[in-house]
file model_33.cif (mmCIF, C-alpha atoms and all ligand atoms)
data_query
loop_
_atom_site.label_atom_id
_atom_site.label_comp_id
_atom_site.auth_asym_id
_atom_site.auth_seq_id
_atom_site.Cartn_x
_atom_site.Cartn_y
_atom_site.Cartn_z
CA MET A 99 -38.67 -63.77 -96.30
CA LYS A 100 -38.85 -60.73 -98.50
CA TYR A 101 -37.72 -57.63 -96.64
CA GLU A 102 -40.69 -55.48 -97.60
CA SER A 103 -43.24 -58.16 -96.65
CA LEU A 104 -41.52 -58.60 -93.32
CA LEU A 105 -41.60 -54.88 -92.61
CA GLN A 106 -45.28 -54.76 -93.50
CA ALA A 107 -46.00 -57.77 -91.30
CA LYS A 108 -44.18 -56.19 -88.36
CA ARG A 109 -46.04 -52.92 -88.81
CA LEU A 110 -49.36 -54.72 -88.85
CA ILE A 111 -48.51 -56.90 -85.84
CA THR A 112 -47.68 -53.79 -83.79
CA LYS A 113 -51.13 -52.51 -84.62
CA ARG A 114 -52.93 -55.83 -84.22
CA PRO A 115 -50.91 -58.14 -81.95
CA TYR A 116 -53.71 -60.74 -81.77
CA ALA A 117 -53.25 -61.51 -85.48
CA LYS A 118 -49.53 -62.26 -85.12
CA ASP A 119 -49.65 -66.04 -85.74
CA ALA A 120 -51.95 -65.77 -88.74
CA ILE A 121 -49.85 -63.00 -90.30
CA TYR A 122 -46.60 -64.92 -89.84
CA SER A 123 -48.09 -68.14 -91.24
CA PHE A 124 -49.21 -66.27 -94.32
CA ILE A 125 -45.83 -64.60 -94.86
CA GLU A 126 -43.92 -67.84 -94.30
CA ILE A 127 -46.06 -69.79 -96.73
CA GLN A 128 -45.75 -67.07 -99.31
CA THR A 129 -41.99 -67.02 -98.92
CA ALA A 130 -41.78 -70.80 -99.22
CA LEU A 131 -43.82 -70.68 -102.44
CA HIS A 132 -41.69 -67.87 -103.75
CA ASP A 133 -38.62 -70.11 -103.52
CA ILE A 134 -40.11 -72.72 -105.85
CA GLU A 135 -39.05 -72.38 -109.46
CA LEU A 136 -42.26 -72.60 -111.45
CA LYS A 137 -42.12 -73.69 -115.02
CA ASP A 138 -44.21 -71.78 -117.55
CA ILE A 139 -47.64 -73.35 -117.67
CA GLU A 140 -49.29 -74.12 -120.99
CA PHE A 141 -52.74 -72.61 -120.53
CA ASN A 142 -55.56 -74.13 -122.42
CA LEU A 143 -57.06 -70.88 -123.74
CA ASN A 144 -58.11 -69.45 -127.06
CA GLU A 145 -57.47 -65.71 -126.80
CA GLU A 146 -60.06 -64.66 -129.39
CA VAL A 147 -62.78 -66.73 -127.74
CA GLU A 148 -61.71 -65.37 -124.36
CA LYS A 149 -62.07 -61.81 -125.52
CA MET A 150 -65.53 -62.46 -126.87
CA LYS A 151 -66.56 -64.21 -123.67
CA ARG A 152 -65.42 -61.27 -121.57
CA SER A 153 -67.42 -58.81 -123.63
CA GLU A 154 -70.48 -60.90 -122.65
CA GLY A 155 -69.60 -60.83 -118.95
CA PHE A 156 -67.98 -64.26 -118.69
CA PRO A 157 -64.68 -64.57 -116.83
CA VAL A 158 -61.65 -66.07 -118.59
CA PHE A 159 -62.29 -69.38 -116.83
CA SER A 160 -64.27 -70.73 -113.92
CA THR A 161 -62.98 -72.62 -110.92
CA SER A 162 -64.87 -75.70 -112.09
CA ASN A 163 -63.05 -75.56 -115.42
CA LEU A 164 -59.44 -74.59 -114.87
CA PRO A 165 -57.27 -73.93 -117.94
CA PHE A 166 -54.49 -76.22 -116.61
CA PRO A 167 -54.33 -79.62 -114.89
CA ILE A 168 -54.84 -79.19 -111.15
CA SER A 169 -51.97 -81.62 -110.53
CA GLU A 170 -49.65 -78.69 -111.40
CA ALA A 171 -50.51 -77.34 -107.95
CA TYR A 172 -49.61 -80.51 -106.00
CA PRO A 173 -45.88 -79.72 -105.56
CA LEU A 174 -46.86 -76.31 -104.22
CA LEU A 175 -49.35 -77.89 -101.83
CA SER A 176 -46.65 -80.29 -100.59
CA ARG A 177 -44.32 -77.38 -99.98
CA ILE A 178 -46.93 -75.51 -97.91
CA VAL A 179 -47.73 -78.58 -95.85
CA GLU A 180 -44.01 -79.21 -95.21
CA GLU A 181 -43.64 -75.61 -94.07
CA LEU A 182 -46.54 -75.93 -91.63
CA ILE A 183 -45.29 -79.27 -90.31
CA LYS A 184 -42.10 -77.49 -89.19
CA LYS A 185 -44.19 -75.35 -86.85
CA ASP A 186 -45.20 -76.32 -83.40
CA ARG A 187 -48.87 -76.69 -84.32
CA ASN A 188 -51.39 -78.95 -82.63
CA ASP A 189 -52.66 -80.24 -85.99
CA ARG A 190 -49.25 -81.56 -86.99
CA ASP A 191 -50.29 -85.23 -87.18
CA SER A 192 -53.13 -84.33 -89.53
CA LEU A 193 -50.76 -82.32 -91.70
CA GLU A 194 -48.51 -85.39 -91.90
CA ARG A 195 -51.57 -87.37 -93.01
CA LEU A 196 -52.31 -84.81 -95.71
CA LYS A 197 -48.69 -84.96 -96.88
CA LYS A 198 -48.97 -88.71 -97.30
CA LEU A 199 -52.24 -88.34 -99.19
CA ILE A 200 -50.60 -85.94 -101.66
CA GLU A 201 -48.03 -88.64 -102.40
CA ASP A 202 -50.35 -91.67 -102.38
CA ASP A 203 -53.85 -90.61 -103.33
CA PRO A 204 -54.00 -87.99 -106.10
CA SER A 205 -57.70 -88.60 -106.72
CA PHE A 206 -58.50 -87.67 -103.12
CA ILE A 207 -56.44 -84.50 -103.51
CA GLU A 208 -58.20 -83.69 -106.75
CA GLN A 209 -61.54 -84.02 -104.96
CA LEU A 210 -60.24 -81.72 -102.23
CA TYR A 211 -59.35 -79.00 -104.75
CA HIS A 212 -62.69 -79.39 -106.43
CA SER A 213 -64.65 -78.96 -103.20
CA VAL A 214 -62.65 -75.90 -102.03
CA LEU A 215 -62.51 -74.09 -105.36
CA ASN A 216 -66.21 -74.57 -105.99
CA ASN A 217 -67.29 -73.66 -102.45
CA LYS A 218 -68.83 -77.04 -101.75
CA GLU A 219 -68.98 -76.52 -98.02
CA SER A 220 -70.42 -79.82 -96.83
CA GLU A 221 -68.06 -81.82 -99.05
CA ASN A 222 -65.12 -79.78 -97.78
CA ARG A 223 -66.21 -80.43 -94.19
CA TYR A 224 -66.43 -84.14 -94.88
CA LEU A 225 -63.01 -84.35 -96.57
CA SER A 226 -61.38 -82.15 -93.93
CA GLU A 227 -62.73 -84.41 -91.22
CA LYS A 228 -61.17 -87.42 -92.95
CA ILE A 229 -57.78 -85.72 -92.80
CA GLY A 230 -58.42 -84.28 -89.34
CA LEU A 231 -57.87 -80.64 -90.26
CA GLU A 232 -60.15 -77.65 -89.85
CA PRO A 233 -62.03 -76.88 -93.11
CA SER A 234 -60.75 -73.29 -92.87
CA VAL A 235 -57.14 -74.56 -92.79
CA ILE A 236 -57.77 -76.78 -95.81
CA GLU A 237 -59.37 -73.91 -97.66
CA PHE A 238 -56.48 -71.60 -96.87
CA ILE A 239 -53.70 -73.97 -97.98
CA ILE A 240 -55.53 -75.17 -101.10
CA LYS A 241 -56.09 -71.60 -102.24
CA MET A 242 -52.54 -70.56 -101.40
CA SER A 243 -51.18 -73.48 -103.44
CA ILE A 244 -53.00 -72.51 -106.59
CA LYS A 245 -52.25 -68.78 -106.49
CA PRO A 246 -48.78 -68.88 -108.10
CA LEU A 247 -50.28 -70.68 -111.11
CA LEU A 248 -53.11 -68.19 -111.37
CA TYR A 249 -50.65 -65.29 -111.10
CA GLN A 250 -48.98 -66.47 -114.31
CA LEU A 251 -52.29 -66.34 -116.09
CA ARG A 252 -53.32 -63.07 -114.48
CA ASP A 253 -50.08 -61.34 -115.43
CA ARG A 254 -50.42 -62.54 -118.99
CA LEU A 255 -53.98 -61.26 -119.37
CA ALA A 256 -54.10 -58.22 -117.08
CA SER A 257 -53.27 -55.49 -119.60
CA GLU A 258 -55.72 -56.87 -122.13
CA ILE A 259 -58.50 -57.15 -119.54
CA LYS A 260 -57.93 -53.59 -118.36
CA GLU A 261 -58.80 -52.32 -121.82
CA GLN A 262 -62.18 -54.00 -121.71
CA GLN A 263 -65.14 -52.76 -119.70
CA TRP A 264 -65.86 -54.95 -116.66
CA GLU A 265 -68.59 -53.94 -114.23
CA TYR A 266 -69.39 -57.22 -112.60
CA GLY A 267 -69.02 -58.18 -108.94
CA TYR A 268 -66.95 -61.29 -109.78
CA CYS A 269 -63.36 -61.50 -111.00
CA PRO A 270 -62.89 -61.13 -114.78
CA ILE A 271 -60.13 -63.74 -114.69
CA CYS A 272 -61.32 -66.58 -112.45
CA GLY A 273 -64.94 -65.65 -111.74
CA SER A 274 -64.42 -65.73 -107.95
CA GLU A 275 -66.02 -63.33 -105.51
CA PRO A 276 -64.03 -60.39 -104.14
CA MET A 277 -62.61 -60.89 -100.65
CA MET A 278 -62.04 -57.23 -99.91
CA GLY A 279 -62.22 -53.85 -101.58
CA TYR A 280 -60.64 -50.44 -101.28
CA LEU A 281 -61.33 -46.82 -102.13
CA ASP A 282 -58.31 -45.11 -103.64
CA GLU A 283 -57.08 -41.59 -102.88
CA ASP A 284 -59.78 -40.17 -105.19
CA GLY A 285 -62.53 -42.31 -103.70
CA LYS A 286 -62.69 -44.70 -106.68
CA ARG A 287 -63.69 -48.20 -105.64
CA TYR A 288 -61.74 -51.37 -106.47
CA LEU A 289 -62.45 -54.99 -105.63
CA HIS A 290 -59.78 -57.59 -104.87
CA CYS A 291 -60.31 -61.20 -106.02
CA SER A 292 -60.36 -63.85 -103.29
CA LEU A 293 -58.54 -66.38 -105.43
CA CYS A 294 -56.20 -64.86 -108.02
CA ASP A 295 -55.74 -61.45 -106.30
CA TYR A 296 -56.65 -59.51 -109.43
CA GLU A 297 -58.14 -56.04 -108.76
CA TRP A 298 -60.79 -54.32 -110.82
CA ARG A 299 -62.70 -51.06 -110.74
CA PHE A 300 -66.30 -51.29 -109.50
CA PRO A 301 -69.13 -48.73 -109.00
CA ARG A 302 -69.32 -47.23 -105.48
CA ILE A 303 -73.06 -47.69 -104.97
CA THR A 304 -73.56 -51.25 -106.17
CA CYS A 305 -73.50 -54.47 -104.17
CA PRO A 306 -70.92 -56.82 -105.77
CA PHE A 307 -72.89 -59.87 -104.65
CA CYS A 308 -76.44 -59.10 -105.84
CA ASN A 309 -75.96 -56.01 -108.00
CA ASN A 310 -78.33 -53.97 -105.79
CA GLN A 311 -78.06 -50.26 -106.60
CA ASP A 312 -80.53 -48.91 -104.10
CA SER A 313 -78.41 -46.82 -101.73
CA ALA A 314 -81.13 -46.84 -99.04
CA SER A 315 -80.58 -50.58 -98.48
CA MET A 316 -76.78 -50.35 -98.33
CA GLY A 317 -74.48 -48.88 -95.75
CA TYR A 318 -71.28 -49.28 -93.84
CA ILE A 319 -70.08 -49.84 -90.29
CA PHE A 320 -66.83 -48.58 -88.83
CA SER A 321 -65.41 -50.40 -85.86
CA GLU A 322 -64.69 -48.17 -82.88
CA GLU A 323 -61.03 -49.05 -82.64
CA ASP A 324 -60.28 -48.43 -86.25
CA ASP A 325 -60.18 -45.70 -88.81
CA GLY A 326 -59.95 -46.46 -92.45
CA ILE A 327 -61.26 -50.04 -92.67
CA ARG A 328 -64.98 -50.55 -92.69
CA ILE A 329 -67.69 -53.08 -93.45
CA ASP A 330 -69.81 -52.32 -96.53
CA PHE A 331 -73.09 -54.19 -96.28
CA CYS A 332 -76.21 -54.79 -98.35
CA ARG A 333 -79.58 -55.45 -96.74
CA LYS A 334 -81.00 -56.96 -99.90
CA CYS A 335 -78.69 -60.02 -99.94
CA ASN A 336 -77.30 -59.62 -96.40
CA ARG A 337 -73.71 -59.91 -97.58
CA TYR A 338 -70.81 -57.72 -96.55
CA ILE A 339 -67.31 -56.86 -97.73
CA LYS A 340 -64.46 -55.25 -95.82
CA THR A 341 -63.22 -52.07 -97.46
CA ILE A 342 -60.06 -50.02 -96.91
CA ASP A 343 -60.55 -46.29 -97.37
CA LYS A 344 -57.17 -45.03 -98.52
CA ARG A 345 -58.27 -41.43 -98.02
CA ILE A 346 -58.14 -42.20 -94.28
CA TYR A 347 -55.72 -45.12 -94.08
CA SER A 348 -53.29 -43.96 -96.72
CA ASP A 349 -50.55 -46.55 -96.37
CA PRO A 350 -52.14 -49.97 -95.84
CA CYS A 351 -50.16 -53.23 -96.00
CA LYS A 352 -50.75 -55.84 -98.69
CA ILE A 353 -54.51 -56.35 -98.87
CA GLU A 354 -54.28 -60.09 -98.07
CA LEU A 355 -52.51 -59.21 -94.82
CA GLU A 356 -55.04 -56.53 -93.92
CA TYR A 357 -57.75 -59.09 -94.57
CA ILE A 358 -56.20 -61.64 -92.21
CA ALA A 359 -55.59 -59.00 -89.53
CA THR A 360 -59.18 -57.73 -89.46
CA ILE A 361 -61.06 -60.84 -88.36
CA TYR A 362 -62.69 -58.69 -85.64
CA LEU A 363 -64.57 -56.89 -88.42
CA ASP A 364 -65.91 -60.21 -89.72
CA ILE A 365 -67.11 -61.03 -86.23
CA LEU A 366 -68.77 -57.63 -86.01
CA ALA A 367 -70.46 -58.03 -89.41
CA GLN A 368 -71.67 -61.52 -88.56
CA LYS A 369 -73.09 -60.29 -85.26
CA GLU A 370 -75.13 -57.82 -87.29
CA GLY A 371 -76.50 -60.74 -89.31
CA PHE A 372 -74.40 -60.35 -92.47
CA LYS A 373 -72.50 -63.17 -94.12
ZN ZN B 401 -59.69 -63.94 -109.71
ZN ZN B 402 -76.43 -57.37 -102.12
#
call {"tool": "encode", "arguments": {"input": "model_33.cif", "output": "structure tokens", "more": "lines below"}}
Ligand SMILES: [Zn+2]
Ligand SMILES: [Zn+2]
result
Amino acid sequence: MKYESLLQAKRLITKRPYAKDAIYSFIEIQTALHDIELKDIEFNLNEEVEKMKRSEGFPVFSTSNLPFPISEAYPLLSRIVEELIKKDRNDRDSLERLKKLIEDDPSFIEQLYHSVLNNKESENRYLSEKIGLEPSVIEFIIKMSIKPLLYQLRDRLASEIKEQQWEYGYCPICGSEPMMGYLDEDGKRYLHCSLCDYEWRFPRITCPFCNNQDSASMGYIFSEEDDGIRIDFCRKCNRYIKTIDKRIYSDPCKIELEYIATIYLDILAQKEGFK
């Protein structure tokens, strides 16, 4: 486990002991993936076309049309499943079943990726039930397994994308929705991609989900126990996004960890009728 990640995890667990298991699972999976030597992927992209597409508001690729074969992610998925099997979890038998499916039934696994990456909820529920795992667990491990591949692409394109204007509420690289946002020390807003973890600048008074710019129908909620992480909501589309305000919470942990550790904010937002 990387020393810095471990320190961050410990700091967060002291603050939010109820999130301990989720935080450790995340760190352990990330560490396991880190140990895998990834070969350089040949991405199926034409850089000139990509640039033109971006200037029109299209992301580099969409999750329904990945620029590499999804089978590249299978060894990573196996590794995650192996890591989880080592734990004393009550869904161990189902994880064993999934491990066997990765070896024996690549078309089933391909279907699984397709349903998770394209947010096909009922299909994901159906496939998860076949394996015997919670859909949220499937979603988590599928997304974790594809991240290292997307990081390669993100790192290759990031500097070029930064030069171009991007004011959309979806990721310029993979087209996914943001999972969380933050305000930096100067109050500038950034969004963090839910799939490839890319971050991009975004206007303060705009809803990333429906582009609403009417400040009267937007607002935020702070939880009582917390300073510095809030729920930004929009009454036009009834969506919400958790946001770290670095002017208050100046030294947050990795955003993915903060996201996992603030499930209570999701519960609060959902109670208020946001999704
Ligand atoms: Zn992305
Ligand atoms: Zn909205």
call {"tool": "residues_near_ligand", "arguments": {"input": "model_33.cif", "ligand": "ligand ZN 402 (chain B)", "cutoff": "7 Å", "atoms": "all atoms listed in the file", "output": "number ranges by chain"}}
result
A: 305-310, 332-337
call {"tool": "atom_distance", "arguments": {"input": "model_33.cif", "atom1": "CA of Asp191 in chain A", "atom2": "CA of Glu232 in chain A"}}
result
12.7 Å
call {"tool": "closest_residue", "arguments": {"input": "model_33.cif", "among": "A:Glu146, A:Glu135, A:Asp295, A:Asp189", "to": "Glu354 in chain A", "atoms": "only C-alpha atoms"}}
result
A:Asp295
call {"tool": "closest_residue", "arguments": {"input": "model_33.cif", "among": "A:Arg299, A:Lys137, A:Lys185, A:Arg195", "to": "Pro270 in chain A", "atoms": "all atoms listed in the file"}}
result
A:Arg299
call {"tool": "closest_atom_pairs", "arguments": {"input": "model_33.cif", "of": "chain A", "to": "ligand ZN 401 (chain B)", "cutoff": "6 Å", "atoms": "only C-alpha atoms and all ligand atoms", "output": "JSON lines"}}
result
{"residue": "A:Cys269", "atom": "CA", "partner": "B:ZN401", "partner_atom": "ZN", "distance": 4.6}
{"residue": "A:Ile271", "atom": "CA", "partner": "B:ZN401", "partner_atom": "ZN", "distance": 5.0}
{"residue": "A:Cys272", "atom": "CA", "partner": "B:ZN401", "partner_atom": "ZN", "distance": 4.1}
{"residue": "A:Gly273", "atom": "CA", "partner": "B:ZN401", "partner_atom": "ZN", "distance": 5.9}
{"residue": "A:Ser274", "atom": "CA", "partner": "B:ZN401", "partner_atom": "ZN", "distance": 5.4}
{"residue": "A:Cys291", "atom": "CA", "partner": "B:ZN401", "partner_atom": "ZN", "distance": 4.6}
{"residue": "A:Leu293", "atom": "CA", "partner": "B:ZN401", "partner_atom": "ZN", "distance": 5.1}
{"residue": "A:Cys294", "atom": "CA", "partner": "B:ZN401", "partner_atom": "ZN", "distance": 4.0}
{"residue": "A:Asp295", "atom": "CA", "partner": "B:ZN401", "partner_atom": "ZN", "distance": 5.8}
{"residue": "A:Tyr296", "atom": "CA", "partner": "B:ZN401", "partner_atom": "ZN", "distance": 5.4}
call {"tool": "atom_distance", "arguments": {"input": "model_33.cif", "atom1": "CA of Lys113 in chain A", "atom2": "CA of Ile365 in chain A"}}
result
18.2 Å
call {"tool": "residues_around", "arguments": {"input": "model_33.cif", "residues": "range 153-168 of chain A", "least_positions_apart": "6", "cutoff": "9 Å", "atoms": "all atoms listed in the file", "output": "ChimeraX atom specification"}}
result
/A:139-143,208,211-212,215-216,244,247,262-266,268-274
call {"tool": "closest_residue", "arguments": {"input": "model_33.cif", "among": "A:Asp364, A:Asp330, A:Glu126, A:Glu201", "to": "Met242 in chain A", "atoms": "all atoms listed in the file"}}
result
A:Glu126
call {"tool": "atom_distance", "arguments": {"input": "model_33.cif", "atom1": "CA of Ala256 in chain A", "atom2": "CA of Trp298 in chain A"}}
result
10.0 Å
call {"tool": "closest_residue", "arguments": {"input": "model_33.cif", "among": "A:Gln128, A:Lys151, A:Asp133, A:Gly230", "to": "Asn188 in chain A", "atoms": "only C-alpha atoms"}}
result
A:Gly230
call {"tool": "axis_aligned_box", "arguments": {"input": "model_33.cif", "around": "range 217-236 of chain A", "padding_each_side": "8 Å", "output": "JSON"}}
result
{"center_x": -63.8, "center_y": -80.4, "center_z": -95.9, "size_x": 29.3, "size_y": 30.1, "size_z": 29.1}
call {"tool": "residues_around", "arguments": {"input": "model_33.cif", "residues": "Ile229 in chain A", "least_positions_apart": "5", "cutoff": "12 Å", "atoms": "only C-alpha atoms", "output": "list in words"}}
result
Asp189, Arg190, Asp191, Ser192, Leu193, Glu194, Arg195, Leu196, Lys197, Lys198, Leu199, Ile200, Phe206, Ile207, Leu210, Asn222, Arg223, Tyr224, Val235 and Ile236 of chain A
call {"tool": "closest_residue", "arguments": {"input": "model_33.cif", "among": "A:Arg114, A:Lys218, A:Lys260, A:His132", "to": "Arg152 in chain A", "atoms": "only C-alpha atoms"}}
result
A:Lys260
call {"tool": "build_atoms", "arguments": {"input": "model_33.cif", "residues": "range 217-239 of chain A", "atoms": "N, CA and C atoms", "output": "PDB file, keeping the file's coordinate frame"}}
result
ATOM      1  N   ASN A 217     -66.529 -73.990-103.669  1.00  0.00           N
ATOM      2  CA  ASN A 217     -67.290 -73.660-102.450  1.00  0.00           C
ATOM      3  C   ASN A 217     -68.307 -74.720-102.060  1.00  0.00           C
ATOM      4  N   LYS A 218     -67.916 -75.979-102.180  1.00  0.00           N
ATOM      5  CA  LYS A 218     -68.830 -77.040-101.750  1.00  0.00           C
ATOM      6  C   LYS A 218     -68.578 -77.294-100.262  1.00  0.00           C
ATOM      7  N   GLU A 219     -69.290 -76.548 -99.444  1.00  0.00           N
ATOM      8  CA  GLU A 219     -68.980 -76.520 -98.020  1.00  0.00           C
ATOM      9  C   GLU A 219     -69.120 -77.857 -97.304  1.00  0.00           C
ATOM     10  N   SER A 220     -70.228 -78.577 -97.591  1.00  0.00           N
ATOM     11  CA  SER A 220     -70.420 -79.820 -96.830  1.00  0.00           C
ATOM     12  C   SER A 220     -69.401 -80.866 -97.278  1.00  0.00           C
ATOM     13  N   GLU A 221     -69.068 -80.877 -98.564  1.00  0.00           N
ATOM     14  CA  GLU A 221     -68.060 -81.820 -99.050  1.00  0.00           C
ATOM     15  C   GLU A 221     -66.688 -81.481 -98.438  1.00  0.00           C
ATOM     16  N   ASN A 222     -66.388 -80.201 -98.368  1.00  0.00           N
ATOM     17  CA  ASN A 222     -65.120 -79.780 -97.780  1.00  0.00           C
ATOM     18  C   ASN A 222     -65.043 -80.184 -96.312  1.00  0.00           C
ATOM     19  N   ARG A 223     -66.182 -80.026 -95.603  1.00  0.00           N
ATOM     20  CA  ARG A 223     -66.210 -80.430 -94.190  1.00  0.00           C
ATOM     21  C   ARG A 223     -65.946 -81.923 -94.045  1.00  0.00           C
ATOM     22  N   TYR A 224     -66.570 -82.678 -94.928  1.00  0.00           N
ATOM     23  CA  TYR A 224     -66.430 -84.140 -94.880  1.00  0.00           C
ATOM     24  C   TYR A 224     -64.979 -84.562 -95.158  1.00  0.00           C
ATOM     25  N   LEU A 225     -64.388 -83.984 -96.208  1.00  0.00           N
ATOM     26  CA  LEU A 225     -63.010 -84.350 -96.570  1.00  0.00           C
ATOM     27  C   LEU A 225     -62.017 -83.877 -95.509  1.00  0.00           C
ATOM     28  N   SER A 226     -62.268 -82.685 -94.973  1.00  0.00           N
ATOM     29  CA  SER A 226     -61.380 -82.150 -93.930  1.00  0.00           C
ATOM     30  C   SER A 226     -61.396 -83.045 -92.710  1.00  0.00           C
ATOM     31  N   GLU A 227     -62.591 -83.536 -92.378  1.00  0.00           N
ATOM     32  CA  GLU A 227     -62.730 -84.410 -91.220  1.00  0.00           C
ATOM     33  C   GLU A 227     -61.930 -85.693 -91.427  1.00  0.00           C
ATOM     34  N   LYS A 228     -61.931 -86.203 -92.643  1.00  0.00           N
ATOM     35  CA  LYS A 228     -61.170 -87.420 -92.950  1.00  0.00           C
ATOM     36  C   LYS A 228     -59.677 -87.217 -92.693  1.00  0.00           C
ATOM     37  N   ILE A 229     -59.205 -86.009 -93.017  1.00  0.00           N
ATOM     38  CA  ILE A 229     -57.780 -85.720 -92.800  1.00  0.00           C
ATOM     39  C   ILE A 229     -57.542 -85.324 -91.348  1.00  0.00           C
ATOM     40  N   GLY A 230     -58.559 -84.725 -90.727  1.00  0.00           N
ATOM     41  CA  GLY A 230     -58.420 -84.280 -89.340  1.00  0.00           C
ATOM     42  C   GLY A 230     -58.019 -82.828 -89.225  1.00  0.00           C
ATOM     43  N   LEU A 231     -58.210 -82.071 -90.299  1.00  0.00           N
ATOM     44  CA  LEU A 231     -57.870 -80.640 -90.260  1.00  0.00           C
ATOM     45  C   LEU A 231     -59.141 -79.797 -90.294  1.00  0.00           C
ATOM     46  N   GLU A 232     -59.039 -78.594 -89.784  1.00  0.00           N
ATOM     47  CA  GLU A 232     -60.150 -77.650 -89.850  1.00  0.00           C
ATOM     48  C   GLU A 232     -60.448 -77.314 -91.317  1.00  0.00           C
ATOM     49  N   PRO A 233     -61.722 -77.264 -91.722  1.00  0.00           N
ATOM     50  CA  PRO A 233     -62.030 -76.880 -93.110  1.00  0.00           C
ATOM     51  C   PRO A 233     -61.408 -75.534 -93.501  1.00  0.00           C
ATOM     52  N   SER A 234     -61.320 -74.605 -92.536  1.00  0.00           N
ATOM     53  CA  SER A 234     -60.750 -73.290 -92.870  1.00  0.00           C
ATOM     54  C   SER A 234     -59.249 -73.410 -93.194  1.00  0.00           C
ATOM     55  N   VAL A 235     -58.575 -74.346 -92.517  1.00  0.00           N
ATOM     56  CA  VAL A 235     -57.140 -74.560 -92.790  1.00  0.00           C
ATOM     57  C   VAL A 235     -56.973 -75.162 -94.185  1.00  0.00           C
ATOM     58  N   ILE A 236     -57.813 -76.153 -94.484  1.00  0.00           N
ATOM     59  CA  ILE A 236     -57.770 -76.780 -95.810  1.00  0.00           C
ATOM     60  C   ILE A 236     -58.021 -75.732 -96.897  1.00  0.00           C
ATOM     61  N   GLU A 237     -59.036 -74.924 -96.670  1.00  0.00           N
ATOM     62  CA  GLU A 237     -59.370 -73.910 -97.660  1.00  0.00           C
ATOM     63  C   GLU A 237     -58.206 -72.952 -97.883  1.00  0.00           C
ATOM     64  N   PHE A 238     -57.596 -72.539 -96.789  1.00  0.00           N
ATOM     65  CA  PHE A 238     -56.480 -71.600 -96.870  1.00  0.00           C
ATOM     66  C   PHE A 238     -55.302 -72.206 -97.659  1.00  0.00           C
ATOM     67  N   ILE A 239     -54.903 -73.429 -97.319  1.00  0.00           N
ATOM     68  CA  ILE A 239     -53.700 -73.970 -97.980  1.00  0.00           C
ATOM     69  C   ILE A 239     -53.980 -74.371 -99.440  1.00  0.00           C
TER      70      ILE A 239
END
